[in-house]
Amino acid sequence: MENRIFGYIRVSSKDQNLDRQRDSLRQYVPNDRDIYADMQSGKDFDRPSYQALKKAVRSGDVIYVHEMERLGRNKKEIKENLEEFKEMGVAVRILNLPTTMIDYSQYGDKMQKILMEMVNNILIEVLATMAETERDNIRKRQREGIESAHKRGIKFGRPTLKLPDTWLEDYFMWKRKEVTAAELKRKYIMPASTFYKKIKETEEMLGNDSVEKTISKK
């Protein structure tokens, strides 16, 4: 069976336009029907077109993506998905990462496969490092915020409601509109009044500068 070339494009909402990404992939993907598109947040990989693409690809196929962020926001999950494609024998080429775009066909099928696997391994390792660094930075800002708040004598309500470690990361995702308040209230089993009280306490703890610096990161 002949190997196929696919593309994947995504925007976060239906009022955004996919044309720029689609145009950038057309020079690599022969058929528009093989460019899969989602208009949905990149907070996770539960997207209909992305899941359909994963079912369509076979060993030896290639997927082109405009930029890493189009795959998603969660670097840990991007890494896991790239590992899946690697195990399937599917190459992922990302237009704004030149190393992934090098044409190795001149070296023959065997060497091309080895070189592409090496590139994929490097990409996966870089993403793993970035994901761990991101988690470390969040934990560091959390510790600094708590220490700063304690020095200012700020209290955080009744001690009986202890928030899990995931709260701060979810808070920043909510600030970036990657999750809704309703989703977090369900996750933490909180009434609206408690949820917004904890939001206020978190913002007092972190301070405006820390919040703005963090939510500005894409």
# chains A, B, ... in the order shown; residues from 1 in each chain; ligands from 1
>>> closest_atom_pairs(of="range 13-99 of chain A", to="range 174-198 of chain A", cutoff="12 Å", atoms="only C-alpha atoms", output="tab-separated table")
residue	atom	partner	partner_atom	distance
A:Ser13	CA	A:Glu178	CA	10.7
A:Gln40	CA	A:Glu178	CA	9.8
A:Ser41	CA	A:Glu178	CA	6.3
A:Gly42	CA	A:Glu178	CA	7.5
A:Lys43	CA	A:Glu178	CA	5.8
A:Asp44	CA	A:Glu178	CA	9.3
A:Gly72	CA	A:Glu178	CA	10.9
A:Arg73	CA	A:Glu178	CA	9.1
A:Asn74	CA	A:Glu178	CA	10.7
>>> atom_distance(atom1="CA of Ile63 in chain A", atom2="CA of Tyr8 in chain A")
7.0 Å
>>> select_by_dssp(residues="range 14-198 of chain A", states="strand (DSSP E or B)", output="list in words")
Ile35, Tyr36, Ala37, Asp38, Met39, Val62, Ile63, Tyr64, Val65, Ala91, Val92, Arg93 and Ile94 of chain A
>>> write_last_selection(atoms="N, CA, C and O atoms", output="CSV table (one decimal), in the first residue's frame")
chain,number,residue,atom,x,y,z
A,35,ILE,N,-6.2,16.9,4.9
A,35,ILE,CA,-5.9,17.8,6.0
A,35,ILE,C,-7.1,17.8,7.0
A,35,ILE,O,-8.2,18.2,6.7
A,36,TYR,N,-6.8,17.3,8.2
A,36,TYR,CA,-7.8,17.2,9.2
A,36,TYR,C,-7.8,18.5,10.1
A,36,TYR,O,-6.8,19.0,10.4
A,37,ALA,N,-9.0,19.0,10.4
A,37,ALA,CA,-9.1,20.3,11.1
A,37,ALA,C,-10.1,20.2,12.3
A,37,ALA,O,-11.1,19.6,12.2
A,38,ASP,N,-9.6,20.8,13.3
A,38,ASP,CA,-10.5,21.0,14.5
A,38,ASP,C,-10.6,22.4,14.9
A,38,ASP,O,-9.6,23.2,14.8
A,39,MET,N,-11.8,22.8,15.4
A,39,MET,CA,-12.0,24.1,16.0
A,39,MET,C,-12.3,23.9,17.4
A,39,MET,O,-13.5,23.9,17.8
A,62,VAL,N,3.1,10.1,6.7
A,62,VAL,CA,3.6,11.4,7.3
A,62,VAL,C,2.5,12.3,7.6
A,62,VAL,O,1.5,12.4,6.9
A,63,ILE,N,2.6,13.0,8.8
A,63,ILE,CA,1.7,14.0,9.2
A,63,ILE,C,2.4,15.4,9.2
A,63,ILE,O,3.5,15.5,9.9
A,64,TYR,N,1.9,16.4,8.6
A,64,TYR,CA,2.4,17.7,8.6
A,64,TYR,C,1.6,18.6,9.5
A,64,TYR,O,0.3,18.5,9.5
A,65,VAL,N,2.2,19.4,10.4
A,65,VAL,CA,1.5,20.3,11.3
A,65,VAL,C,2.2,21.7,11.2
A,65,VAL,O,3.4,21.8,11.1
A,91,ALA,N,5.7,9.4,10.7
A,91,ALA,CA,6.6,10.5,10.9
A,91,ALA,C,5.7,11.8,11.1
A,91,ALA,O,4.8,12.0,10.3
A,92,VAL,N,6.1,12.6,12.0
A,92,VAL,CA,5.4,13.9,12.3
A,92,VAL,C,6.4,15.0,11.9
A,92,VAL,O,7.5,15.1,12.5
A,93,ARG,N,6.0,15.8,11.0
A,93,ARG,CA,6.8,17.0,10.5
A,93,ARG,C,6.2,18.3,10.9
A,93,ARG,O,5.0,18.5,10.6
A,94,ILE,N,6.9,19.1,11.6
A,94,ILE,CA,6.3,20.4,12.1
A,94,ILE,C,7.0,21.6,11.4
A,94,ILE,O,8.3,21.7,11.5
>>> atom_distance(atom1="CA of Arg58 in chain A", atom2="CA of Val90 in chain A")
6.7 Å
>>> closest_residue(among="A:Asp32, A:Asp19, A:Met88, A:Leu123", to="Asp61 in chain A", atoms="only C-alpha atoms")
A:Met88
>>> closest_residue(among="A:Leu71, A:Leu95, A:Glu77, A:Gln51", to="Gln27 in chain A", atoms="only C-alpha atoms")
A:Leu95
>>> atom_distance(atom1="CA of Ile78 in chain A", atom2="CA of Asp136 in chain A")
17.9 Å
